[in-house]
Amino acid sequence: MLKSSKKVILISALCVGMFAAGAGTFLVQQLAPNRTHVEPEFHELTKPIFYEGNYYKSSAIGEKEGLKLPLDFVQKWIDPTIIYEKSSDSVIITTKDKVMRMKTTELSALMNEKPISLSFPVEKKEGTIYLPVEPLKQLYAFEIRESAKSGALLLFKQGEVIKWGKHTGKKEAQLRTEASIKAPIIATIALNEQVMITNTEEDWYKVQLESGPIGFVRKSDITVDHEETIPLQEQLSSYVPWKPMTGKLNMTWEHVISKNPDTSKIGEMPGLQVISPTWFSVADSEGRISNLADASYVKWAHDHNYQVWALFSNGFDADRTNKVLASYDLRMKMIKQLLGFAQTYKLQGINIDFENVYLKDKENLVQFVREMTPFMHEQGLSVSIDVTPKSTNEMWSMFYDRPALAEVVDYMMLMAYDEYWATSPKSGSVSSLPWVERSVTTLLTTDKIPPSKLVLGVPFYTRQWTEETKNGKLTATSKTLTMEAAQTIIKEKKLTPTFLADTGQNYVEYKDGSKLIRIWLEDEVSIKARLALVEKYNLAGVASWRRGFEKPVIWDVMKDALPKVQP
């Protein structure tokens, strides 16, 4: 019996010991840190590039002054508007005041069309375009730091604040893939080694080593050391966009088809500041520009204190436009002609009016405006562009990248007319007020166009619509009327205009046999309502199409209705 008891006690002791050993092993497994080492995700890259704690998919090449960055990296993290033009094998960079063209493998480049020398060329390697970093640093506010230890490159943009920490423990600290001791180790942090602290997660810091690796380290191993602000280098530009001394911009277009008007017959236009004659247009697919400019017209305008912003049109020819926008050389050919015309005729600005453009040419149009604007500004010229209201019509509306264009130009004219166009199958207002307001608010809210750049285009014309039923089908045809012509019809037919709340306009109609004649009027009432929108949304001003279609009194209406003080 005694022997049996001893045996039971012994077995029990052995079980307790085994349980304790198992529990100890379990605790060790749970509490012991992971000692596994793994390679960083970017370990296959020979010269990885980092920005804000992220690494790029491609390596840089070269080193020090000969460092070159992949084009797609530069587009993603420095400037998305830099392009590689395959047809000319060129990289083209545009900033607010510079246009730089670098051809692959060539050490000569163009800066605002002036030759410059490069120490290292653009390079094409295994399908990737690499840009030399030195000219980039002249154009953009950033700096690159290269690790002597690993060759890793860290990008910093000017004005950014870096939070630095230092490892102050007694032994090396582990940088782990996640904020846990069970996560694998990416790298070790030496005593007094500096790290960039990018985030905090409970008892852990997310950090990046100067040699590249990114991961998590215990807070207890790191002492916050200091903050560094990447210094700002002021980018100076001599160009200051023109604005009226007081009040809002008041511009009108002068429609010139073959010859300029007799200025002696043009009446007073009180309040007008800028006039835009339709003088220049793309003449052919080689980039030649037709010129209807008249020096005597400019003198007349200047004598009346009007600025002249000549209009440049694509002639509304989609195929020709496609060809002249396709290459840097043709775009620059047009730009140089416009600059020459501006000097010859003493112009103060260029108004771009490209309409009926293929959707596929959307980016090329933006590129043309980006390349053109620095040259115009260098010569002190204002740059504006005309756009239609937004719609789903590709060649009337969708080809305009309005946000991208607005970033570049001084003013954007919203052509808020032709709601019902000349060949519309239905009759209606040229520009009903609700439609105009929706067009304005869409650009301000959806496209984020600054109101200080948005100019409301208003019509001085209307249309006389003729509706009749043929073979059981209602048809509508139209002809354009000036304000005076519409008033003449009203007097001759002894009509009384009716105000339509749904369009915000006066309206008349009458019968001509079986035909119904309808006119949505443009007059003092409609113009005042449009100018109220300029004030309501604090727009830059108003532009009218076109001079000569208005009643003389309209100029006084506009002068009195436009806000007098610049915001």
# chains A, B, ... in the order shown; residues from 1 in each chain; ligands from 1

call {"tool": "select_by_dssp", "arguments": {"residues": "range 326-393 of chain A", "states": "helix (DSSP H, G or I)", "output": "ChimeraX atom specification"}}
result
/A:328-345,359-378

call {"tool": "residues_around", "arguments": {"residues": "range 504-521 of chain A", "least_positions_apart": "3", "cutoff": "6 Å", "atoms": "only C-alpha atoms", "output": "ChimeraX atom specification"}}
result
/A:429,433,464-468,497-501,526

call {"tool": "write_last_selection", "arguments": {"atoms": "N, CA, C and O atoms", "output": "PDB file, in the first residue's frame"}}
result
ATOM      1  N   SER A 429     -34.514  79.018 -76.067  1.00  0.00           N
ATOM      2  CA  SER A 429     -33.664  80.167 -75.764  1.00  0.00           C
ATOM      3  C   SER A 429     -32.210  79.902 -76.145  1.00  0.00           C
ATOM      4  O   SER A 429     -31.706  78.788 -76.010  1.00  0.00           O
ATOM      5  N   LEU A 433     -31.594  81.591 -68.304  1.00  0.00           N
ATOM      6  CA  LEU A 433     -30.836  81.897 -67.091  1.00  0.00           C
ATOM      7  C   LEU A 433     -30.588  80.677 -66.201  1.00  0.00           C
ATOM      8  O   LEU A 433     -29.481  80.518 -65.667  1.00  0.00           O
ATOM      9  N   GLN A 464     -34.656  83.974 -84.088  1.00  0.00           N
ATOM     10  CA  GLN A 464     -36.076  83.944 -84.444  1.00  0.00           C
ATOM     11  C   GLN A 464     -36.393  82.536 -84.935  1.00  0.00           C
ATOM     12  O   GLN A 464     -35.837  82.079 -85.935  1.00  0.00           O
ATOM     13  N   TRP A 465     -37.265  81.864 -84.211  1.00  0.00           N
ATOM     14  CA  TRP A 465     -37.610  80.483 -84.531  1.00  0.00           C
ATOM     15  C   TRP A 465     -38.926  80.440 -85.299  1.00  0.00           C
ATOM     16  O   TRP A 465     -39.883  81.136 -84.951  1.00  0.00           O
ATOM     17  N   THR A 466     -38.958  79.612 -86.325  1.00  0.00           N
ATOM     18  CA  THR A 466     -40.179  79.381 -87.097  1.00  0.00           C
ATOM     19  C   THR A 466     -40.581  77.924 -86.940  1.00  0.00           C
ATOM     20  O   THR A 466     -39.826  77.026 -87.340  1.00  0.00           O
ATOM     21  N   GLU A 467     -41.747  77.719 -86.337  1.00  0.00           N
ATOM     22  CA  GLU A 467     -42.271  76.368 -86.150  1.00  0.00           C
ATOM     23  C   GLU A 467     -43.445  76.145 -87.098  1.00  0.00           C
ATOM     24  O   GLU A 467     -44.326  77.006 -87.231  1.00  0.00           O
ATOM     25  N   GLU A 468     -43.431  75.009 -87.747  1.00  0.00           N
ATOM     26  CA  GLU A 468     -44.575  74.644 -88.586  1.00  0.00           C
ATOM     27  C   GLU A 468     -44.680  73.125 -88.643  1.00  0.00           C
ATOM     28  O   GLU A 468     -43.711  72.401 -88.386  1.00  0.00           O
ATOM     29  N   PRO A 497     -43.908  92.085 -75.149  1.00  0.00           N
ATOM     30  CA  PRO A 497     -43.098  91.010 -74.542  1.00  0.00           C
ATOM     31  C   PRO A 497     -43.691  90.530 -73.220  1.00  0.00           C
ATOM     32  O   PRO A 497     -44.247  91.312 -72.450  1.00  0.00           O
ATOM     33  N   THR A 498     -43.550  89.252 -72.991  1.00  0.00           N
ATOM     34  CA  THR A 498     -43.978  88.616 -71.740  1.00  0.00           C
ATOM     35  C   THR A 498     -42.746  88.057 -71.042  1.00  0.00           C
ATOM     36  O   THR A 498     -41.907  87.400 -71.674  1.00  0.00           O
ATOM     37  N   PHE A 499     -42.647  88.297 -69.740  1.00  0.00           N
ATOM     38  CA  PHE A 499     -41.501  87.755 -69.005  1.00  0.00           C
ATOM     39  C   PHE A 499     -41.769  86.300 -68.653  1.00  0.00           C
ATOM     40  O   PHE A 499     -42.814  85.961 -68.080  1.00  0.00           O
ATOM     41  N   LEU A 500     -40.810  85.434 -69.007  1.00  0.00           N
ATOM     42  CA  LEU A 500     -40.915  84.002 -68.698  1.00  0.00           C
ATOM     43  C   LEU A 500     -39.997  83.677 -67.527  1.00  0.00           C
ATOM     44  O   LEU A 500     -38.775  83.770 -67.636  1.00  0.00           O
ATOM     45  N   ALA A 501     -40.610  83.301 -66.412  1.00  0.00           N
ATOM     46  CA  ALA A 501     -39.818  83.009 -65.218  1.00  0.00           C
ATOM     47  C   ALA A 501     -38.917  81.798 -65.422  1.00  0.00           C
ATOM     48  O   ALA A 501     -37.833  81.710 -64.838  1.00  0.00           O
ATOM     49  N   SER A 526     -32.373  90.530 -69.654  1.00  0.00           N
ATOM     50  CA  SER A 526     -31.552  89.312 -69.625  1.00  0.00           C
ATOM     51  C   SER A 526     -30.099  89.628 -69.280  1.00  0.00           C
ATOM     52  O   SER A 526     -29.436  88.873 -68.561  1.00  0.00           O
TER      53      SER A 526
END

call {"tool": "atom_distance", "arguments": {"atom1": "CA of Ile61 in chain A", "atom2": "CA of Met111 in chain A"}}
result
24.2 Å

call {"tool": "select_by_dssp", "arguments": {"residues": "range 315-501 of chain A", "states": "strand (DSSP E or B)", "output": "NGL selection string"}}
result
:A and (349-353 or 382-387 or 411-415 or 454-459 or 461-470 or 473-482 or 498-500)

call {"tool": "atom_distance", "arguments": {"atom1": "CA of Lys149 in chain A", "atom2": "CA of Thr128 in chain A"}}
result
25.9 Å

call {"tool": "closest_residue", "arguments": {"among": "A:Ser147, A:Arg176, A:Ser108, A:Leu474", "to": "Thr36 in chain A", "atoms": "only C-alpha atoms"}}
result
A:Arg176

call {"tool": "closest_residue", "arguments": {"among": "A:Ser180, A:Phe549, A:Leu69, A:Glu407", "to": "Glu202 in chain A", "atoms": "only C-alpha atoms"}}
result
A:Ser180

call {"tool": "atom_distance", "arguments": {"atom1": "CA of Glu484 in chain A", "atom2": "CA of Pro270 in chain A"}}
result
18.7 Å

call {"tool": "residues_around", "arguments": {"residues": "range 460-463 of chain A", "least_positions_apart": "6", "cutoff": "7 Å", "atoms": "only C-alpha atoms", "output": "PDB file with N, CA and C atoms, in the first residue's frame"}}
result
ATOM      1  N   VAL A 430     -31.557  80.935 -76.622  1.00  0.00           N
ATOM      2  CA  VAL A 430     -30.111  80.865 -76.862  1.00  0.00           C
ATOM      3  C   VAL A 430     -29.380  80.610 -75.550  1.00  0.00           C
ATOM      4  N   SER A 478     -34.346  78.381 -87.721  1.00  0.00           N
ATOM      5  CA  SER A 478     -34.016  79.630 -87.034  1.00  0.00           C
ATOM      6  C   SER A 478     -33.176  80.543 -87.900  1.00  0.00           C
ATOM      7  N   LYS A 479     -33.174  81.821 -87.537  1.00  0.00           N
ATOM      8  CA  LYS A 479     -32.211  82.764 -88.077  1.00  0.00           C
ATOM      9  C   LYS A 479     -31.767  83.671 -86.940  1.00  0.00           C
ATOM     10  N   THR A 480     -30.518  84.121 -87.013  1.00  0.00           N
ATOM     11  CA  THR A 480     -29.941  84.942 -85.948  1.00  0.00           C
ATOM     12  C   THR A 480     -30.426  86.376 -86.064  1.00  0.00           C
ATOM     13  N   LEU A 481     -30.723  86.968 -84.902  1.00  0.00           N
ATOM     14  CA  LEU A 481     -31.160  88.357 -84.840  1.00  0.00           C
ATOM     15  C   LEU A 481     -30.259  89.145 -83.900  1.00  0.00           C
ATOM     16  N   THR A 482     -29.957  90.380 -84.287  1.00  0.00           N
ATOM     17  CA  THR A 482     -29.335  91.299 -83.339  1.00  0.00           C
ATOM     18  C   THR A 482     -30.412  91.794 -82.376  1.00  0.00           C
ATOM     19  N   MET A 483     -29.995  92.450 -81.303  1.00  0.00           N
ATOM     20  CA  MET A 483     -30.971  93.014 -80.370  1.00  0.00           C
ATOM     21  C   MET A 483     -31.881  94.021 -81.076  1.00  0.00           C
ATOM     22  N   ILE A 519     -39.569  84.180 -80.284  1.00  0.00           N
ATOM     23  CA  ILE A 519     -38.289  84.842 -79.993  1.00  0.00           C
ATOM     24  C   ILE A 519     -38.117  84.963 -78.478  1.00  0.00           C
ATOM     25  N   TRP A 520     -37.051  84.354 -77.964  1.00  0.00           N
ATOM     26  CA  TRP A 520     -36.637  84.569 -76.578  1.00  0.00           C
ATOM     27  C   TRP A 520     -35.641  85.735 -76.609  1.00  0.00           C
ATOM     28  N   LEU A 521     -36.007  86.836 -76.024  1.00  0.00           N
ATOM     29  CA  LEU A 521     -35.279  88.090 -76.242  1.00  0.00           C
ATOM     30  C   LEU A 521     -34.019  88.208 -75.394  1.00  0.00           C
ATOM     31  N   GLU A 522     -32.997  88.792 -76.007  1.00  0.00           N
ATOM     32  CA  GLU A 522     -31.835  89.281 -75.276  1.00  0.00           C
ATOM     33  C   GLU A 522     -31.956  90.802 -75.228  1.00  0.00           C
ATOM     34  N   SER A 544     -18.679  89.374 -74.030  1.00  0.00           N
ATOM     35  CA  SER A 544     -19.905  89.386 -74.835  1.00  0.00           C
ATOM     36  C   SER A 544     -19.628  89.035 -76.295  1.00  0.00           C
ATOM     37  N   TRP A 545     -20.490  88.172 -76.838  1.00  0.00           N
ATOM     38  CA  TRP A 545     -20.436  87.814 -78.263  1.00  0.00           C
ATOM     39  C   TRP A 545     -21.695  88.362 -78.919  1.00  0.00           C
ATOM     40  N   ARG A 546     -21.608  89.299 -79.815  1.00  0.00           N
ATOM     41  CA  ARG A 546     -20.402  89.951 -80.224  1.00  0.00           C
ATOM     42  C   ARG A 546     -20.676  91.426 -80.393  1.00  0.00           C
ATOM     43  N   PHE A 549     -23.865  93.540 -82.211  1.00  0.00           N
ATOM     44  CA  PHE A 549     -25.187  92.919 -82.104  1.00  0.00           C
ATOM     45  C   PHE A 549     -26.005  93.509 -80.955  1.00  0.00           C
ATOM     46  N   GLU A 550     -25.380  94.391 -80.171  1.00  0.00           N
ATOM     47  CA  GLU A 550     -26.048  94.947 -78.989  1.00  0.00           C
ATOM     48  C   GLU A 550     -26.761  96.250 -79.312  1.00  0.00           C
TER      49      GLU A 550
END

call {"tool": "closest_residue", "arguments": {"among": "A:Leu31, A:Ile527, A:Ile129, A:Ile385", "to": "Ser432 in chain A", "atoms": "only C-alpha atoms"}}
result
A:Ile527

call {"tool": "closest_residue", "arguments": {"among": "A:Lys103, A:Lys559, A:Lys564, A:Lys125", "to": "Lys68 in chain A", "atoms": "only C-alpha atoms"}}
result
A:Lys125

call {"tool": "closest_atom_pairs", "arguments": {"of": "range 44-163 of chain A", "to": "range 360-363 of chain A", "cutoff": "12 Å", "atoms": "only C-alpha atoms", "output": "tab-separated table"}}
result
residue	atom	partner	partner_atom	distance
A:Thr81	CA	A:Glu363	CA	9.7
A:Ile82	CA	A:Glu363	CA	11.7
A:Ile83	CA	A:Glu363	CA	10.3
A:Glu85	CA	A:Glu363	CA	11.9

call {"tool": "write_last_selection", "arguments": {"atoms": "C-alpha atoms", "output": "PDB file, in the first residue's frame"}}
result
ATOM      1  CA  THR A  81       2.413  67.146 -66.709  1.00  0.00           C
ATOM      2  CA  ILE A  82       5.895  66.218 -67.939  1.00  0.00           C
ATOM      3  CA  ILE A  83       5.509  64.301 -71.194  1.00  0.00           C
ATOM      4  CA  GLU A  85       6.687  62.834 -77.082  1.00  0.00           C
TER       5      GLU A  85
END

call {"tool": "residues_around", "arguments": {"residues": "Asp262 in chain A", "least_positions_apart": "2", "cutoff": "12 Å", "atoms": "only C-alpha atoms", "output": "ChimeraX atom specification"}}
result
/A:254,256,259-260,264-267,294,296-297,300,548

call {"tool": "write_last_selection", "arguments": {"atoms": "C-alpha atoms", "output": "mmCIF file, in the first residue's frame"}}
result
data_model
loop_
_atom_site.group_PDB
_atom_site.id
_atom_site.type_symbol
_atom_site.label_atom_id
_atom_site.label_comp_id
_atom_site.auth_asym_id
_atom_site.auth_seq_id
_atom_site.Cartn_x
_atom_site.Cartn_y
_atom_site.Cartn_z
ATOM 1 C CA GLU A 254 -15.034 91.678 -82.535
ATOM 2 C CA VAL A 256 -13.733 89.770 -88.256
ATOM 3 C CA LYS A 259 -11.808 92.723 -93.250
ATOM 4 C CA ASN A 260 -11.850 94.847 -90.139
ATOM 5 C CA SER A 264 -15.249 105.555 -87.172
ATOM 6 C CA LYS A 265 -18.688 103.949 -87.140
ATOM 7 C CA ILE A 266 -18.211 102.212 -83.773
ATOM 8 C CA GLY A 267 -20.059 104.073 -81.039
ATOM 9 C CA ASP A 294 -4.958 95.639 -88.543
ATOM 10 C CA SER A 296 -5.031 101.000 -87.316
ATOM 11 C CA TYR A 297 -7.659 99.026 -85.401
ATOM 12 C CA TRP A 300 -8.130 103.054 -82.342
ATOM 13 C CA GLY A 548 -22.293 95.196 -83.059
#

call {"tool": "closest_residue", "arguments": {"among": "A:Leu175, A:Thr168, A:Tyr84, A:Ile257", "to": "Ser220 in chain A", "atoms": "only C-alpha atoms"}}
result
A:Thr168

call {"tool": "residues_around", "arguments": {"residues": "Lys157 in chain A", "least_positions_apart": "3", "cutoff": "9 Å", "atoms": "only C-alpha atoms", "output": "list in words"}}
result
Ile78, Tyr140, Ala141, Phe142, Glu143, Ile144, Glu160, Ile230, Pro231 and Leu232 of chain A

call {"tool": "write_last_selection", "arguments": {"atoms": "C-alpha atoms", "output": "JSON list (two decimals), in the first residue's frame"}}
result
[["chain", "number", "residue", "atom", "x", "y", "z"],
["A", 78, "ILE", "CA", 7.15, 65.55, -58.97],
["A", 140, "TYR", "CA", 11.23, 72.12, -59.26],
["A", 141, "ALA", "CA", 11.41, 72.64, -55.50],
["A", 142, "PHE", "CA", 12.82, 69.34, -54.23],
["A", 143, "GLU", "CA", 16.00, 67.68, -53.09],
["A", 144, "ILE", "CA", 17.34, 64.13, -53.35],
["A", 160, "GLU", "CA", 8.15, 69.48, -45.84],
["A", 230, "ILE", "CA", 13.33, 71.37, -46.01],
["A", 231, "PRO", "CA", 14.11, 75.02, -46.86],
["A", 232, "LEU", "CA", 11.96, 76.89, -49.34]]

call {"tool": "residues_around", "arguments": {"residues": "range 162-165 of chain A", "least_positions_apart": "6", "cutoff": "10 Å", "atoms": "only C-alpha atoms", "output": "number ranges by chain"}}
result
A: 52, 156, 192-199, 205, 207-208, 219, 221-230

call {"tool": "write_last_selection", "arguments": {"atoms": "N, CA, C and O atoms", "output": "compact mmCIF listing (two decimals), in the first residue's frame"}}
result
# COMPACT_ATOMS: atom_id res chain seq x y z
N GLU A 52 7.94 59.94 -48.99
CA GLU A 52 6.93 59.86 -47.93
C GLU A 52 6.70 58.42 -47.47
O GLU A 52 5.57 57.96 -47.31
N PHE A 156 12.69 64.64 -51.06
CA PHE A 156 12.04 65.58 -50.15
C PHE A 156 11.61 66.81 -50.95
O PHE A 156 12.39 67.32 -51.76
N ASN A 192 22.77 55.08 -31.83
CA ASN A 192 22.89 56.47 -32.29
C ASN A 192 22.54 56.67 -33.77
O ASN A 192 22.70 57.77 -34.31
N GLU A 193 22.05 55.62 -34.42
CA GLU A 193 21.63 55.78 -35.82
C GLU A 193 20.34 56.60 -35.87
O GLU A 193 19.42 56.41 -35.08
N GLN A 194 20.27 57.52 -36.84
CA GLN A 194 19.08 58.35 -36.98
C GLN A 194 18.05 57.66 -37.87
O GLN A 194 18.39 56.96 -38.83
N VAL A 195 16.78 57.89 -37.54
CA VAL A 195 15.67 57.36 -38.33
C VAL A 195 14.65 58.48 -38.53
O VAL A 195 14.54 59.40 -37.72
N MET A 196 13.90 58.38 -39.62
CA MET A 196 12.79 59.32 -39.85
C MET A 196 11.51 58.70 -39.31
O MET A 196 11.13 57.58 -39.70
N ILE A 197 10.86 59.41 -38.42
CA ILE A 197 9.61 58.92 -37.83
C ILE A 197 8.46 59.39 -38.70
O ILE A 197 8.24 60.58 -38.88
N THR A 198 7.71 58.42 -39.25
CA THR A 198 6.61 58.78 -40.16
C THR A 198 5.24 58.57 -39.55
O THR A 198 4.26 59.17 -40.00
N ASN A 199 5.16 57.74 -38.49
CA ASN A 199 3.84 57.48 -37.90
C ASN A 199 4.01 56.85 -36.52
O ASN A 199 5.11 56.42 -36.15
N TYR A 205 6.91 53.06 -33.25
CA TYR A 205 7.05 54.09 -34.27
C TYR A 205 7.20 53.40 -35.63
O TYR A 205 7.90 52.38 -35.74
N VAL A 207 9.09 53.94 -38.92
CA VAL A 207 10.26 54.75 -39.26
C VAL A 207 10.86 54.30 -40.58
O VAL A 207 10.58 53.20 -41.08
N GLN A 208 11.71 55.17 -41.12
CA GLN A 208 12.50 54.80 -42.29
C GLN A 208 13.95 55.09 -41.99
O GLN A 208 14.30 56.16 -41.47
N LYS A 219 8.98 52.15 -29.35
CA LYS A 219 9.22 53.52 -28.92
C LYS A 219 10.34 53.60 -27.88
O LYS A 219 11.10 54.57 -27.84
N ASP A 221 13.01 52.18 -27.82
CA ASP A 221 14.35 52.16 -28.41
C ASP A 221 14.72 53.47 -29.11
O ASP A 221 15.85 53.63 -29.57
N ILE A 222 13.75 54.38 -29.24
CA ILE A 222 13.97 55.60 -30.03
C ILE A 222 13.70 56.84 -29.17
O ILE A 222 12.70 56.92 -28.45
N THR A 223 14.59 57.80 -29.29
CA THR A 223 14.38 59.11 -28.66
C THR A 223 14.15 60.13 -29.76
O THR A 223 14.94 60.22 -30.72
N VAL A 224 13.03 60.86 -29.66
CA VAL A 224 12.76 61.91 -30.65
C VAL A 224 13.86 62.96 -30.53
O VAL A 224 14.09 63.52 -29.46
N ASP A 225 14.52 63.23 -31.64
CA ASP A 225 15.72 64.07 -31.60
C ASP A 225 15.44 65.51 -32.04
O ASP A 225 15.67 66.46 -31.30
N HIS A 226 14.94 65.70 -33.25
CA HIS A 226 14.69 67.04 -33.74
C HIS A 226 13.80 66.99 -34.97
O HIS A 226 13.56 65.92 -35.54
N GLU A 227 13.31 68.16 -35.38
CA GLU A 227 12.55 68.29 -36.62
C GLU A 227 13.36 69.11 -37.62
O GLU A 227 14.03 70.06 -37.24
N GLU A 228 13.26 68.71 -38.88
CA GLU A 228 13.97 69.43 -39.94
C GLU A 228 12.96 69.89 -40.99
O GLU A 228 12.14 69.10 -41.45
N THR A 229 13.02 71.15 -41.35
CA THR A 229 12.18 71.67 -42.42
C THR A 229 13.03 71.86 -43.66
O THR A 229 14.05 72.55 -43.62
N ILE A 230 12.60 71.21 -44.74
CA ILE A 230 13.33 71.37 -46.01
C ILE A 230 13.15 72.82 -46.45
O ILE A 230 12.03 73.29 -46.62

call {"tool": "decode", "arguments": {"residues": "range 36-57 of chain A", "atoms": "N, CA and C atoms", "output": "PDB file, in the first residue's frame"}}
result
ATOM      1  N   THR A  36      13.451  35.814 -37.035  1.00  0.00           N
ATOM      2  CA  THR A  36      13.579  35.607 -38.475  1.00  0.00           C
ATOM      3  C   THR A  36      13.907  36.928 -39.182  1.00  0.00           C
ATOM      4  N   HIS A  37      14.851  36.891 -40.081  1.00  0.00           N
ATOM      5  CA  HIS A  37      15.215  38.067 -40.866  1.00  0.00           C
ATOM      6  C   HIS A  37      14.676  37.914 -42.298  1.00  0.00           C
ATOM      7  N   VAL A  38      14.100  38.983 -42.809  1.00  0.00           N
ATOM      8  CA  VAL A  38      13.585  38.973 -44.189  1.00  0.00           C
ATOM      9  C   VAL A  38      14.185  40.148 -44.945  1.00  0.00           C
ATOM     10  N   GLU A  39      14.169  40.029 -46.257  1.00  0.00           N
ATOM     11  CA  GLU A  39      14.672  41.109 -47.098  1.00  0.00           C
ATOM     12  C   GLU A  39      13.585  42.189 -47.244  1.00  0.00           C
ATOM     13  N   PRO A  40      13.972  43.460 -47.357  1.00  0.00           N
ATOM     14  CA  PRO A  40      12.982  44.500 -47.666  1.00  0.00           C
ATOM     15  C   PRO A  40      12.316  44.212 -49.008  1.00  0.00           C
ATOM     16  N   GLU A  41      11.088  44.726 -49.187  1.00  0.00           N
ATOM     17  CA  GLU A  41      10.354  44.480 -50.431  1.00  0.00           C
ATOM     18  C   GLU A  41      11.118  44.965 -51.657  1.00  0.00           C
ATOM     19  N   PHE A  42      11.933  45.983 -51.482  1.00  0.00           N
ATOM     20  CA  PHE A  42      12.614  46.600 -52.623  1.00  0.00           C
ATOM     21  C   PHE A  42      14.018  46.044 -52.822  1.00  0.00           C
ATOM     22  N   HIS A  43      14.321  44.908 -52.215  1.00  0.00           N
ATOM     23  CA  HIS A  43      15.717  44.438 -52.203  1.00  0.00           C
ATOM     24  C   HIS A  43      16.254  44.127 -53.599  1.00  0.00           C
ATOM     25  N   GLU A  44      15.385  43.881 -54.573  1.00  0.00           N
ATOM     26  CA  GLU A  44      15.856  43.575 -55.924  1.00  0.00           C
ATOM     27  C   GLU A  44      16.192  44.841 -56.713  1.00  0.00           C
ATOM     28  N   LEU A  45      15.802  46.013 -56.190  1.00  0.00           N
ATOM     29  CA  LEU A  45      16.096  47.264 -56.879  1.00  0.00           C
ATOM     30  C   LEU A  45      17.524  47.698 -56.549  1.00  0.00           C
ATOM     31  N   THR A  46      18.291  48.035 -57.575  1.00  0.00           N
ATOM     32  CA  THR A  46      19.686  48.404 -57.347  1.00  0.00           C
ATOM     33  C   THR A  46      19.819  49.803 -56.748  1.00  0.00           C
ATOM     34  N   LYS A  47      18.891  50.683 -57.076  1.00  0.00           N
ATOM     35  CA  LYS A  47      18.942  52.056 -56.585  1.00  0.00           C
ATOM     36  C   LYS A  47      17.511  52.531 -56.319  1.00  0.00           C
ATOM     37  N   PRO A  48      16.910  52.035 -55.215  1.00  0.00           N
ATOM     38  CA  PRO A  48      15.504  52.351 -54.942  1.00  0.00           C
ATOM     39  C   PRO A  48      15.305  53.829 -54.613  1.00  0.00           C
ATOM     40  N   ILE A  49      14.097  54.323 -54.937  1.00  0.00           N
ATOM     41  CA  ILE A  49      13.756  55.716 -54.684  1.00  0.00           C
ATOM     42  C   ILE A  49      12.541  55.750 -53.756  1.00  0.00           C
ATOM     43  N   PHE A  50      12.604  56.628 -52.743  1.00  0.00           N
ATOM     44  CA  PHE A  50      11.534  56.701 -51.752  1.00  0.00           C
ATOM     45  C   PHE A  50      10.972  58.113 -51.665  1.00  0.00           C
ATOM     46  N   TYR A  51       9.673  58.174 -51.393  1.00  0.00           N
ATOM     47  CA  TYR A  51       9.034  59.450 -51.075  1.00  0.00           C
ATOM     48  C   TYR A  51       7.905  59.196 -50.085  1.00  0.00           C
ATOM     49  N   GLU A  52       7.936  59.942 -48.988  1.00  0.00           N
ATOM     50  CA  GLU A  52       6.926  59.859 -47.929  1.00  0.00           C
ATOM     51  C   GLU A  52       6.696  58.418 -47.473  1.00  0.00           C
ATOM     52  N   GLY A  53       7.793  57.685 -47.288  1.00  0.00           N
ATOM     53  CA  GLY A  53       7.691  56.331 -46.766  1.00  0.00           C
ATOM     54  C   GLY A  53       7.250  55.285 -47.768  1.00  0.00           C
ATOM     55  N   ASN A  54       7.242  55.624 -49.039  1.00  0.00           N
ATOM     56  CA  ASN A  54       6.886  54.668 -50.084  1.00  0.00           C
ATOM     57  C   ASN A  54       8.040  54.558 -51.070  1.00  0.00           C
ATOM     58  N   TYR A  55       8.227  53.349 -51.606  1.00  0.00           N
ATOM     59  CA  TYR A  55       9.290  53.182 -52.587  1.00  0.00           C
ATOM     60  C   TYR A  55       8.670  53.014 -53.969  1.00  0.00           C
ATOM     61  N   TYR A  56       9.456  53.382 -54.997  1.00  0.00           N
ATOM     62  CA  TYR A  56       8.946  53.303 -56.345  1.00  0.00           C
ATOM     63  C   TYR A  56       9.324  51.967 -56.972  1.00  0.00           C
ATOM     64  N   LYS A  57       8.555  51.559 -57.969  1.00  0.00           N
ATOM     65  CA  LYS A  57       8.710  50.226 -58.573  1.00  0.00           C
ATOM     66  C   LYS A  57       9.991  50.076 -59.381  1.00  0.00           C
TER      67      LYS A  57
END
